Protein chains: 2
Amino acid sequence: MSIKTIAEMTGLSITTVSHALNGTRPVSQRSMELINEAAAQINYRPNLAAQMMKTHRSRTVAIIIPATEQNNSTNCFFFDVLNGAKSRLQESGYELIVSTYPESRPQDFFSGMSILHRRWIDGILLVPPTLRYEDIARIEDCGVPVVLVDRWVKGGKLPLVCSNNREVTVEAMKVLYQAGRRRIAFIGADFPNSTAVERYQGYLDVLEELGLPRDELLICRMDAYSMSCGMEAARRVLGAGADAIFAANSMLCLGTVKELQEQGIHVPEQVAVIGFDNYEWTEITNPPLTAVTQNASLMGRTASELLLQLLDGKQPEQRVVRIPAALTIRQSHGL
Amino acid sequence: MSIKTIAEMTGLSITTVSHALNGTRPVSQRSMELINEAAAQINYRPNLAAQMMKTHRSRTVAIIIPATEQNNSTNCFFFDVLNGAKSRLQESGYELIVSTYPESRPQDFFSGMSILHRRWIDGILLVPPTLRYEDIARIEDCGVPVVLVDRWVKGGKLPLVCSNNREVTVEAMKVLYQAGRRRIAFIGADFPNSTAVERYQGYLDVLEELGLPRDELLICRMDAYSMSCGMEAARRVLGAGADAIFAANSMLCLGTVKELQEQGIHVPEQVAVIGFDNYEWTEITNPPLTAVTQNASLMGRTASELLLQLLDGKQPEQRVVRIPAALTIRQSHGL
DNA sequence: TTGTAAGCGTTATCAC
DNA sequence: GTGATAACGCTTACAA
C-alpha cells in the first residue's frame, strides 16, 4: 500500500496522487474524490522513510534530560517537562524521542547519546548536564536547532527556557525575613548547573539587599540531591543557630524536614522552612510546607514552541524565556 | 557525506563500502583501513531514512504511557518504567519514542496517538488504558510486536510484564493481621485497569484465607488517584471502625495519612497503615510508612527485553513476566 | 575480494 | 490539470 497503489486504483499518476494527498498543487474535484476514496480503502499511511529521503525532515525531535535513581522527585520534574513538550509537539505533528543521562555523572553525558549518531532528528530540546558550553558543544554538530531547557550554559548563544530561580529565591527569603527571621540558612547543591547557581546567587543577593550578614556557617552546599545530604546539612545549620532554612531542592528539603522532626524542633515557631518544588507530600508535613512551585510542564511546552519556530526558519523574538515560579504559601514559613 | 563519498575517496565501489561498514561480507584488510579512514575523515553517519527504506526497520520503538497533572507520583512511576526501558533499548541500539495519554480519559487514548499513523516503528511498549482488549486492538494494526507493561487486558494474547499485585497485597494484609488487626480497610481505585483489579482481588482473597468477614463499609474504591479522595475514603473507613488501612495507591495513601493526622489518630497504635508505592516522602510521615515497593525500572527493562526478542523473530519463553514487588518494612504497620 | 545495478516510496522538476 | 522521470542514500541479489 503505497502511493503507487492508489495511482493504479484511480488510473491517475503518482504525481497527481502525491500532490492531492499533500495539497501541494491544485487537483480536480473528481480526482480528489477518487484518491481520497482509494486511500481510505487501503488505509494508506505515508512511508516516513521515503518522505524523509526527499524532504530531509522527520518531524521528530529529541529531548535530552537527566535521570536519577527510581522514585526521585527530580525525575518527576523532568517528566512534567517532557510531557509539556510532548503535548505541544503533538499539536504540530511532531514525535518526541527521549534520551536520558545520569545526573550524577555529567562526564557520561555523551556515552549513551546514540541519537547523535543518527542523522534524522529535526531538533533538540536539551537540559544541559553542566555549566560549560564546551560540554555540550558536540551536540551542535548535528546541525539542527537546539533549545536549552531549565538550565543555561556559560557561553554559546542557544535559546533558553527556564524558571526565574534567582527572583523566586529572593521572594522566598523576603517572606522569611518578614516573618522576623534574621539567621536564615541556605541549603542547596554544589552542582555545576545553572539552577543551583542562580538559587545560591539569589540568596547572596537578598542578604545584601536586606542588610543581613553573610555567615558561612549558615550556608550548606551539598554534593547530592539526597535525603541524607539534606539531613546532614540541616544538622549543620541548626548547630550554627539558624532560625529559618531555605532549602533549594526538593530532596534536600525533605531531608531538612526529617531532621527537624527527629530533633523535635517546632516549625515554624523555632525554625521556619521554605522549600523548592511543590510535591504532593508538602501537604502532609507538620505543618504543611510553604514551597516554590515551578511550572515544569509550561517550560517544556514553551521550549517546544521556540524549537518549532526555529524549525520553521523563524528566529524567535526572545532568545531567553523565563517561566515564573511562585511561592505556594502554607504554614512552615511562619506568621 | 554519504557512502558514495567514501566510495569516491577510496576508489572502491559503494557495495564494498556498505559491506565494510556493516560487516556483512569479508573485505580486505587494506580496503577496510581506507574506508574507516575516509569515514572518520568526513564524520560519516548513515542516513537512517535510506536504511529504513531498504530494511524496513527503524531501530525505534514507541512507549505509550499514561500521564496525569503535574507533580503526581504516578508520573514518577511511569518515568521510571520509561527510563528502565530506555536503558535496555539503548544497549541494543534502539531509540525510544514517547507517547502519553490522559489517565483520566481513557476514551481519548487514540486521539493523540500520532505514532500509529506513521509506518516506521519497530515495536510498541504499551500501558493499556483500560481492561478491554478492544480498546487497544487498533494498535495491532500497526503490524508490529506489542508488549504490555504494568497492566494486562482481558482477552488478546499479548506478552506482558507487570508486578505481582495480588500476591504482594496478600503479603501486606498478612502483616497487618499478624500485628493483631482484624478490621482492615481497603482503600483503592475503582479504575478499569488490572492493577486496581488485582490489588482489590488480593484483598478479598486474603480476607477469605484468614477467615475475616468481608465488611463493605471497610472497602472504599474511589474514582480518582487524588489526595482528597484518599482523605474522603479514610474518613469513611475510620467511621466504620477500621483498625488498619491498606491503601492501594500512593496518592490515596497520602490522603489517608493526612486524614489520620488531622484527626489526631495515632499510627500504628490506633490505626495501622500500609501503602502502595514507596516514595521518598514515606520516610517523613510520622511514623515512617511501611509500603509496597515496585521495581518500575525493572519492569520497563524486562518489557524491552521481551520486545527485543520479538523483534529478533524469537518467541519469548514466557508470555507473562511478573516482577516481584516487596514490602518495605518501617513502622506504620504496627508491632 | 570486488563491482554492477535494481529498487525501496516518496518529492520535485520539467514538460505537456 | 496532469504525467514522466530523476533523485534521495542505502542494501542486496547477482555476476565476475
# chains A, B, ... in the order shown; residues from 1 in each chain; ligands from 1
$ interface_residues --of "chain B" --to "chain A" --cutoff "7 Å" --atoms "only C-alpha atoms" --output "list in words"
Arg45, Pro46, Asn47, Leu48, Ala49, Ala50, Met52, Met53, Gln70, Asn71, Asn72, Asn75, Cys76, Phe77, Phe79, Asp80, Leu96, Ile97, Val98, His117, Arg118, Arg119, Trp120, Lys258, Tyr279, Glu280, Trp281 and Ile284 of chain B
$ calpha_fit_and_write --fixed "chain B" --moving "chain A" --output "compact mmCIF listing (two decimals) with C-alpha atoms, in the first residue's frame"
# COMPACT_ATOMS: atom_id res chain seq x y z
CA MET A 1 28.76 12.89 3.15
CA SER A 2 27.37 9.60 2.08
CA ILE A 3 28.57 6.17 1.28
CA LYS A 4 29.12 7.47 -2.20
CA THR A 5 31.58 10.07 -1.00
CA ILE A 6 33.59 7.35 0.68
CA ALA A 7 33.50 5.28 -2.48
CA GLU A 8 34.91 8.16 -4.44
CA MET A 9 37.55 8.94 -1.85
CA THR A 10 38.79 5.37 -1.75
CA GLY A 11 38.27 4.47 -5.37
CA LEU A 12 36.15 1.52 -4.30
CA SER A 13 32.54 0.87 -5.21
CA ILE A 14 29.65 1.84 -2.99
CA THR A 15 28.83 -1.82 -2.67
CA THR A 16 32.16 -2.59 -1.08
CA VAL A 17 31.89 0.40 1.17
CA SER A 18 28.44 -0.61 2.34
CA HIS A 19 29.54 -4.15 3.08
CA ALA A 20 32.66 -2.99 4.83
CA LEU A 21 30.73 -0.63 7.05
CA ASN A 22 28.11 -3.21 7.91
CA GLY A 23 30.39 -6.22 8.08
CA THR A 24 28.03 -8.07 5.79
CA ARG A 25 30.66 -9.59 3.54
CA PRO A 26 34.41 -10.12 3.60
CA VAL A 27 36.49 -7.16 2.57
CA SER A 28 40.24 -7.05 2.14
CA GLN A 29 42.30 -5.68 4.94
CA ARG A 30 43.53 -2.86 2.80
CA SER A 31 40.08 -1.73 1.63
CA MET A 32 38.84 -1.89 5.16
CA GLU A 33 41.50 0.48 6.33
CA LEU A 34 40.94 2.92 3.52
CA ILE A 35 37.23 2.95 4.14
CA ASN A 36 37.49 3.39 7.88
CA GLU A 37 39.91 6.22 7.39
CA ALA A 38 37.72 8.01 4.90
CA ALA A 39 34.64 7.49 7.05
CA ALA A 40 36.36 8.99 10.05
CA GLN A 41 37.61 11.87 7.98
CA ILE A 42 34.20 12.97 6.78
CA ASN A 43 32.60 11.96 10.08
CA TYR A 44 30.32 9.61 8.25
CA ARG A 45 27.03 8.63 9.85
CA PRO A 46 24.56 6.52 7.93
CA ASN A 47 21.35 8.08 6.73
CA LEU A 48 18.66 6.33 8.66
CA ALA A 49 15.94 7.20 6.20
CA ALA A 50 17.76 5.47 3.39
CA GLN A 51 18.48 2.46 5.55
CA MET A 52 14.87 2.29 6.57
CA MET A 53 13.69 2.30 3.01
CA LYS A 54 15.64 -0.81 2.31
CA THR A 55 15.46 -2.70 5.58
CA HIS A 56 12.02 -1.62 6.75
CA ARG A 57 13.42 -1.26 10.22
CA SER A 58 14.07 1.96 12.09
CA ARG A 59 15.58 0.57 15.27
CA THR A 60 13.07 2.73 17.08
CA VAL A 61 10.33 1.60 19.42
CA ALA A 62 7.53 3.55 21.02
CA ILE A 63 6.40 3.53 24.62
CA ILE A 64 2.85 4.56 25.40
CA ILE A 65 2.17 5.54 28.98
CA PRO A 66 -0.46 7.43 30.94
CA ALA A 67 0.29 10.88 32.31
CA THR A 68 -1.64 12.93 34.81
CA GLU A 69 -1.32 16.48 36.03
CA GLN A 70 2.00 17.81 37.26
CA ASN A 71 3.80 16.63 40.37
CA ASN A 72 1.83 13.44 40.63
CA SER A 73 3.74 10.43 41.83
CA THR A 74 2.08 8.24 39.23
CA ASN A 75 4.11 10.17 36.69
CA CYS A 76 7.19 9.33 38.66
CA PHE A 77 6.36 5.63 38.48
CA PHE A 78 5.98 5.66 34.72
CA PHE A 79 9.08 7.75 34.29
CA ASP A 80 10.97 4.99 36.03
CA VAL A 81 9.39 2.44 33.71
CA LEU A 82 10.39 4.59 30.76
CA ASN A 83 13.90 5.02 32.02
CA GLY A 84 14.35 1.31 32.57
CA ALA A 85 13.12 0.64 29.06
CA LYS A 86 15.38 3.31 27.64
CA SER A 87 18.47 1.87 29.24
CA ARG A 88 17.83 -1.62 27.93
CA LEU A 89 16.92 -0.46 24.43
CA GLN A 90 19.98 1.70 24.27
CA GLU A 91 22.15 -1.35 24.85
CA SER A 92 20.77 -2.79 21.64
CA GLY A 93 20.99 0.42 19.69
CA TYR A 94 17.30 1.25 19.72
CA GLU A 95 15.79 4.67 20.20
CA LEU A 96 12.67 5.29 22.20
CA ILE A 97 9.73 7.46 21.20
CA VAL A 98 7.31 8.51 23.90
CA SER A 99 3.61 8.93 23.68
CA THR A 100 1.35 9.79 26.59
CA TYR A 101 -2.37 9.73 27.10
CA PRO A 102 -4.49 11.22 29.87
CA GLU A 103 -5.02 8.61 32.55
CA SER A 104 -8.36 10.09 33.44
CA ARG A 105 -9.82 9.94 29.95
CA PRO A 106 -9.17 6.49 28.48
CA GLN A 107 -11.54 7.30 25.66
CA ASP A 108 -9.01 9.83 24.43
CA PHE A 109 -6.46 7.12 24.20
CA PHE A 110 -6.15 7.12 20.45
CA SER A 111 -6.82 10.79 19.82
CA GLY A 112 -3.26 11.93 20.38
CA MET A 113 -1.71 8.75 19.15
CA SER A 114 0.05 10.19 16.14
CA ILE A 115 2.65 7.47 16.28
CA LEU A 116 0.23 5.00 14.88
CA HIS A 117 -0.26 7.01 11.73
CA ARG A 118 3.35 6.68 10.79
CA ARG A 119 4.72 3.49 9.42
CA TRP A 120 8.15 3.31 10.88
CA ILE A 121 8.11 1.98 14.41
CA ASP A 122 9.61 -1.43 15.03
CA GLY A 123 7.70 -2.26 18.18
CA ILE A 124 5.54 -0.90 20.98
CA LEU A 125 5.63 -0.96 24.76
CA LEU A 126 2.14 -0.25 26.01
CA VAL A 127 0.53 0.52 29.34
CA PRO A 128 -3.08 -0.11 28.38
CA PRO A 129 -5.66 2.47 29.42
CA THR A 130 -8.43 0.01 30.29
CA LEU A 131 -9.11 -3.66 30.87
CA ARG A 132 -10.65 -4.19 27.46
CA TYR A 133 -8.60 -5.64 24.67
CA GLU A 134 -10.93 -3.98 22.19
CA ASP A 135 -9.78 -0.58 23.42
CA ILE A 136 -6.26 -1.22 22.25
CA ALA A 137 -6.92 -3.63 19.40
CA ARG A 138 -6.30 -0.97 16.78
CA ILE A 139 -2.73 -0.78 17.91
CA GLU A 140 -2.07 -4.15 16.43
CA ASP A 141 -2.94 -2.69 13.03
CA CYS A 142 0.55 -1.28 13.04
CA GLY A 143 1.70 -4.79 12.37
CA VAL A 144 4.55 -4.60 14.85
CA PRO A 145 5.16 -6.51 18.07
CA VAL A 146 3.47 -5.12 21.17
CA VAL A 147 4.41 -5.84 24.79
CA LEU A 148 2.11 -4.81 27.62
CA VAL A 149 3.65 -3.18 30.68
CA ASP A 150 2.27 -2.89 34.20
CA ARG A 151 -1.28 -3.83 33.21
CA TRP A 152 -2.94 -6.62 31.30
CA VAL A 153 -6.15 -6.59 29.31
CA LYS A 154 -8.90 -9.17 29.10
CA GLY A 155 -8.52 -11.29 26.02
CA GLY A 156 -5.78 -10.95 23.50
CA LYS A 157 -2.55 -12.82 23.86
CA LEU A 158 -0.02 -10.06 24.13
CA PRO A 159 3.15 -10.56 26.14
CA LEU A 160 3.06 -8.85 29.51
CA VAL A 161 5.40 -7.62 32.21
CA CYS A 162 3.90 -6.44 35.48
CA SER A 163 4.09 -6.57 39.26
CA ASN A 164 2.67 -9.38 41.38
CA ASN A 165 -0.03 -7.05 42.67
CA ARG A 166 -2.27 -9.71 44.13
CA GLU A 167 0.44 -11.56 46.02
CA VAL A 168 2.05 -8.50 47.52
CA THR A 169 -1.33 -7.24 48.65
CA VAL A 170 -1.92 -10.55 50.40
CA GLU A 171 1.48 -10.23 52.01
CA ALA A 172 0.76 -6.72 53.27
CA MET A 173 -2.60 -7.78 54.64
CA LYS A 174 -1.04 -10.66 56.53
CA VAL A 175 1.42 -8.30 58.16
CA LEU A 176 -1.50 -6.23 59.41
CA TYR A 177 -3.25 -9.37 60.57
CA GLN A 178 -0.19 -10.55 62.45
CA ALA A 179 -0.05 -7.15 64.11
CA GLY A 180 -3.39 -8.08 65.60
CA ARG A 181 -5.68 -6.13 63.30
CA ARG A 182 -9.05 -7.61 62.44
CA ARG A 183 -10.94 -4.70 60.88
CA ILE A 184 -8.64 -3.96 57.97
CA ALA A 185 -9.96 -1.47 55.47
CA PHE A 186 -9.17 -1.36 51.76
CA ILE A 187 -8.81 1.99 50.04
CA GLY A 188 -8.24 1.71 46.33
CA ALA A 189 -9.32 2.97 42.97
CA ASP A 190 -12.35 1.81 41.09
CA PHE A 191 -10.44 2.13 37.84
CA PRO A 192 -10.83 -0.23 34.95
CA ASN A 193 -7.24 -1.34 34.94
CA SER A 194 -5.63 -4.54 36.05
CA THR A 195 -3.52 -3.15 38.86
CA ALA A 196 -6.62 -1.82 40.60
CA VAL A 197 -8.41 -5.09 39.99
CA GLU A 198 -5.61 -7.31 41.22
CA ARG A 199 -4.99 -5.38 44.39
CA TYR A 200 -8.65 -5.47 45.23
CA GLN A 201 -8.81 -9.16 44.46
CA GLY A 202 -5.83 -9.77 46.73
CA TYR A 203 -7.70 -8.06 49.52
CA LEU A 204 -10.81 -10.19 49.06
CA ASP A 205 -8.77 -13.36 48.78
CA VAL A 206 -6.85 -12.81 51.95
CA LEU A 207 -9.97 -11.97 53.94
CA GLU A 208 -11.28 -15.37 53.04
CA GLU A 209 -7.99 -17.10 53.72
CA LEU A 210 -7.76 -15.50 57.14
CA GLY A 211 -11.40 -16.13 57.90
CA LEU A 212 -12.19 -12.44 58.25
CA PRO A 213 -15.67 -11.22 57.36
CA ARG A 214 -16.06 -9.03 54.31
CA ASP A 215 -17.44 -5.74 55.53
CA GLU A 216 -18.51 -3.42 52.72
CA LEU A 217 -18.14 -0.44 55.01
CA LEU A 218 -14.43 -1.12 55.20
CA ILE A 219 -14.05 -1.09 51.44
CA CYS A 220 -13.66 2.21 49.63
CA ARG A 221 -13.02 2.30 45.93
CA MET A 222 -12.62 5.84 44.70
CA ASP A 223 -12.77 7.28 41.22
CA ALA A 224 -9.52 9.21 41.20
CA TYR A 225 -5.94 8.87 42.41
CA SER A 226 -6.03 12.03 44.42
CA MET A 227 -5.26 13.19 47.88
CA SER A 228 -8.79 14.42 48.52
CA CYS A 229 -10.22 11.05 47.54
CA GLY A 230 -7.81 9.44 49.94
CA MET A 231 -8.98 11.69 52.74
CA GLU A 232 -12.62 11.06 51.96
CA ALA A 233 -12.06 7.32 51.88
CA ALA A 234 -10.16 7.39 55.15
CA ARG A 235 -12.97 9.32 56.81
CA ARG A 236 -15.43 6.69 55.72
CA VAL A 237 -13.52 3.63 56.88
CA LEU A 238 -12.51 5.28 60.12
CA GLY A 239 -16.16 5.98 60.72
CA ALA A 240 -16.79 2.28 60.21
CA GLY A 241 -14.30 1.40 62.93
CA ALA A 242 -11.28 0.31 60.91
CA ASP A 243 -8.24 -0.59 62.98
CA ALA A 244 -5.96 -0.81 59.98
CA ILE A 245 -5.91 0.59 56.43
CA PHE A 246 -4.37 -0.82 53.31
CA ALA A 247 -4.11 1.97 50.73
CA ALA A 248 -3.58 0.50 47.29
CA ASN A 249 -2.25 3.63 45.63
CA SER A 250 0.29 6.25 46.62
CA MET A 251 -1.93 9.31 46.24
CA LEU A 252 -4.78 7.67 48.12
CA CYS A 253 -2.30 6.67 50.79
CA LEU A 254 -1.11 10.22 51.10
CA GLY A 255 -4.67 11.38 51.63
CA THR A 256 -5.16 8.66 54.18
CA VAL A 257 -2.11 9.77 56.11
CA LYS A 258 -3.29 13.36 56.06
CA GLU A 259 -6.74 12.45 57.31
CA LEU A 260 -5.30 10.37 60.15
CA GLN A 261 -3.10 13.31 61.03
CA GLU A 262 -5.97 15.77 61.01
CA GLN A 263 -8.10 13.55 63.19
CA GLY A 264 -5.17 13.20 65.56
CA ILE A 265 -5.26 9.44 65.31
CA HIS A 266 -2.12 7.66 66.47
CA VAL A 267 -0.44 5.41 63.95
CA PRO A 268 -0.02 2.54 64.43
CA GLU A 269 -1.38 2.31 67.98
CA GLN A 270 -4.91 3.23 67.02
CA VAL A 271 -4.87 2.55 63.31
CA ALA A 272 -2.13 0.76 61.37
CA VAL A 273 -1.34 1.70 57.77
CA ILE A 274 0.37 0.11 54.81
CA GLY A 275 0.60 1.95 51.51
CA PHE A 276 1.41 1.15 47.92
CA ASP A 277 4.48 2.52 46.19
CA ASN A 278 7.47 3.67 48.07
CA TYR A 279 8.39 7.29 47.59
CA GLU A 280 10.86 9.41 49.41
CA TRP A 281 8.17 11.07 51.50
CA THR A 282 7.17 7.77 53.10
CA GLU A 283 10.13 8.33 55.41
CA ILE A 284 8.89 11.58 56.86
CA THR A 285 5.41 10.59 57.85
CA ASN A 286 4.94 10.06 61.52
CA PRO A 287 5.69 7.24 61.98
CA PRO A 288 7.56 6.29 58.79
CA LEU A 289 5.34 4.38 56.44
CA THR A 290 5.48 0.70 55.70
CA ALA A 291 4.81 0.40 51.99
CA VAL A 292 4.89 -1.86 48.96
CA THR A 293 7.89 -1.20 46.73
CA GLN A 294 7.56 -1.91 43.04
CA ASN A 295 10.52 -2.13 40.73
CA ALA A 296 9.29 0.11 37.95
CA SER A 297 12.61 0.41 36.23
CA LEU A 298 13.04 -3.35 36.05
CA MET A 299 9.56 -3.65 34.59
CA GLY A 300 10.52 -1.31 31.78
CA ARG A 301 13.78 -3.10 31.25
CA THR A 302 12.21 -6.53 31.17
CA ALA A 303 9.45 -5.47 28.83
CA SER A 304 12.08 -4.13 26.48
CA GLU A 305 13.91 -7.41 26.73
CA LEU A 306 10.82 -9.28 25.58
CA LEU A 307 10.21 -6.79 22.82
CA LEU A 308 13.76 -7.09 21.56
CA GLN A 309 13.36 -10.85 21.41
CA LEU A 310 10.21 -10.47 19.38
CA LEU A 311 12.00 -8.05 17.09
CA ASP A 312 14.65 -10.69 16.60
CA GLY A 313 11.95 -13.07 15.50
CA LYS A 314 12.23 -15.18 18.64
CA GLN A 315 9.24 -16.15 20.70
CA PRO A 316 9.95 -15.35 24.39
CA GLU A 317 9.86 -18.42 26.62
CA GLN A 318 7.27 -16.86 28.92
CA ARG A 319 4.37 -14.74 27.75
CA VAL A 320 3.90 -13.23 31.20
CA VAL A 321 6.67 -12.01 33.46
CA ARG A 322 5.87 -10.89 36.98
CA ILE A 323 8.33 -8.52 38.60
CA PRO A 324 8.10 -9.14 42.34
CA ALA A 325 7.10 -6.20 44.48
CA ALA A 326 8.07 -6.35 48.14
CA LEU A 327 7.15 -4.77 51.43
CA THR A 328 9.46 -2.12 52.81
CA ILE A 329 8.97 -2.48 56.51
CA ARG A 330 9.07 0.69 58.55
CA GLN A 331 6.74 1.39 61.44
CA SER A 332 3.22 2.28 60.39
CA HIS A 333 2.06 -1.34 60.17
CA GLY A 334 2.27 -1.82 63.94
CA LEU A 335 4.33 -4.14 66.10
$ select_by_dssp --residues "region 120-260 of chain B" --states "alpha helix (DSSP H)" --output "ChimeraX atom specification"
/B:165-178,194-210,227-239,250-260
$ interface_residues --of "chain C" --to "chain A" --cutoff "9 Å" --atoms "only C-alpha atoms (C1' of nucleotides)" --output "PDB file with N, CA, C and O atoms (P, O5', C5', C4', C3', O3' and C1' of nucleotides), in the first residue's frame"
ATOM      1  P    DC C   8      10.544  -1.797  -5.486  1.00  0.00           P
ATOM      2  O5'  DC C   8      10.351  -1.315  -3.984  1.00  0.00           O
ATOM      3  C5'  DC C   8      10.907  -2.010  -2.877  1.00  0.00           C
ATOM      4  C4'  DC C   8      11.321  -1.000  -1.843  1.00  0.00           C
ATOM      5  C3'  DC C   8      10.397   0.209  -1.794  1.00  0.00           C
ATOM      6  O3'  DC C   8       9.358  -0.046  -0.839  1.00  0.00           O
ATOM      7  C1'  DC C   8      12.728   0.823  -1.622  1.00  0.00           C
ATOM      8  P    DG C   9       7.849   0.103  -1.291  1.00  0.00           P
ATOM      9  O5'  DG C   9       7.611   1.666  -1.139  1.00  0.00           O
ATOM     10  C5'  DG C   9       7.671   2.225   0.153  1.00  0.00           C
ATOM     11  C4'  DG C   9       7.597   3.722   0.020  1.00  0.00           C
ATOM     12  C3'  DG C   9       6.349   4.215  -0.711  1.00  0.00           C
ATOM     13  O3'  DG C   9       5.831   5.267   0.059  1.00  0.00           O
ATOM     14  C1'  DG C   9       8.294   5.113  -1.696  1.00  0.00           C
ATOM     15  P    DT C  10       4.519   6.009  -0.267  1.00  0.00           P
ATOM     16  O5'  DT C  10       4.994   7.471   0.142  1.00  0.00           O
ATOM     17  C5'  DT C  10       5.164   8.417  -0.863  1.00  0.00           C
ATOM     18  C4'  DT C  10       6.441   9.165  -0.596  1.00  0.00           C
ATOM     19  C3'  DT C  10       6.381  10.545  -1.190  1.00  0.00           C
ATOM     20  O3'  DT C  10       6.104  11.461  -0.129  1.00  0.00           O
ATOM     21  C1'  DT C  10       8.365   9.385  -1.881  1.00  0.00           C
ATOM     22  P    DT C  11       5.448  12.819  -0.591  1.00  0.00           P
ATOM     23  O5'  DT C  11       6.661  13.590  -1.300  1.00  0.00           O
ATOM     24  C5'  DT C  11       7.780  13.981  -0.522  1.00  0.00           C
ATOM     25  C4'  DT C  11       8.776  14.685  -1.420  1.00  0.00           C
ATOM     26  C3'  DT C  11       8.251  15.967  -2.065  1.00  0.00           C
ATOM     27  O3'  DT C  11       9.309  16.912  -1.958  1.00  0.00           O
ATOM     28  C1'  DT C  11       9.013  14.505  -3.740  1.00  0.00           C
ATOM     29  P    DA C  12       9.126  18.431  -2.388  1.00  0.00           P
ATOM     30  O5'  DA C  12       9.808  18.447  -3.817  1.00  0.00           O
ATOM     31  C5'  DA C  12      11.167  18.061  -3.948  1.00  0.00           C
ATOM     32  C4'  DA C  12      11.612  18.314  -5.380  1.00  0.00           C
ATOM     33  C3'  DA C  12      11.057  19.606  -5.980  1.00  0.00           C
ATOM     34  O3'  DA C  12      12.026  20.097  -6.897  1.00  0.00           O
ATOM     35  C1'  DA C  12      10.252  17.786  -7.211  1.00  0.00           C
TER      36       DA C  12
END
$ atom_distance --atom1 "C1' of DT1 (chain C)" --atom2 "C1' of DG9 (chain D)"
23.9 Å
$ interface_residues --of "chain D" --to "chain B" --cutoff "12 Å" --atoms "only C-alpha atoms (C1' of nucleotides)" --output "list in words"
DC8, DG9, DC10, DT11, DT12 and DA13 of chain D
$ atom_distance --atom1 "C1' of DG3 (chain D)" --atom2 "C1' of DC16 (chain C)"
8.3 Å
$ select_by_dssp --residues "region 15-214 of chain A" --states "strand (DSSP E or B)" --output "count of residues only"
36
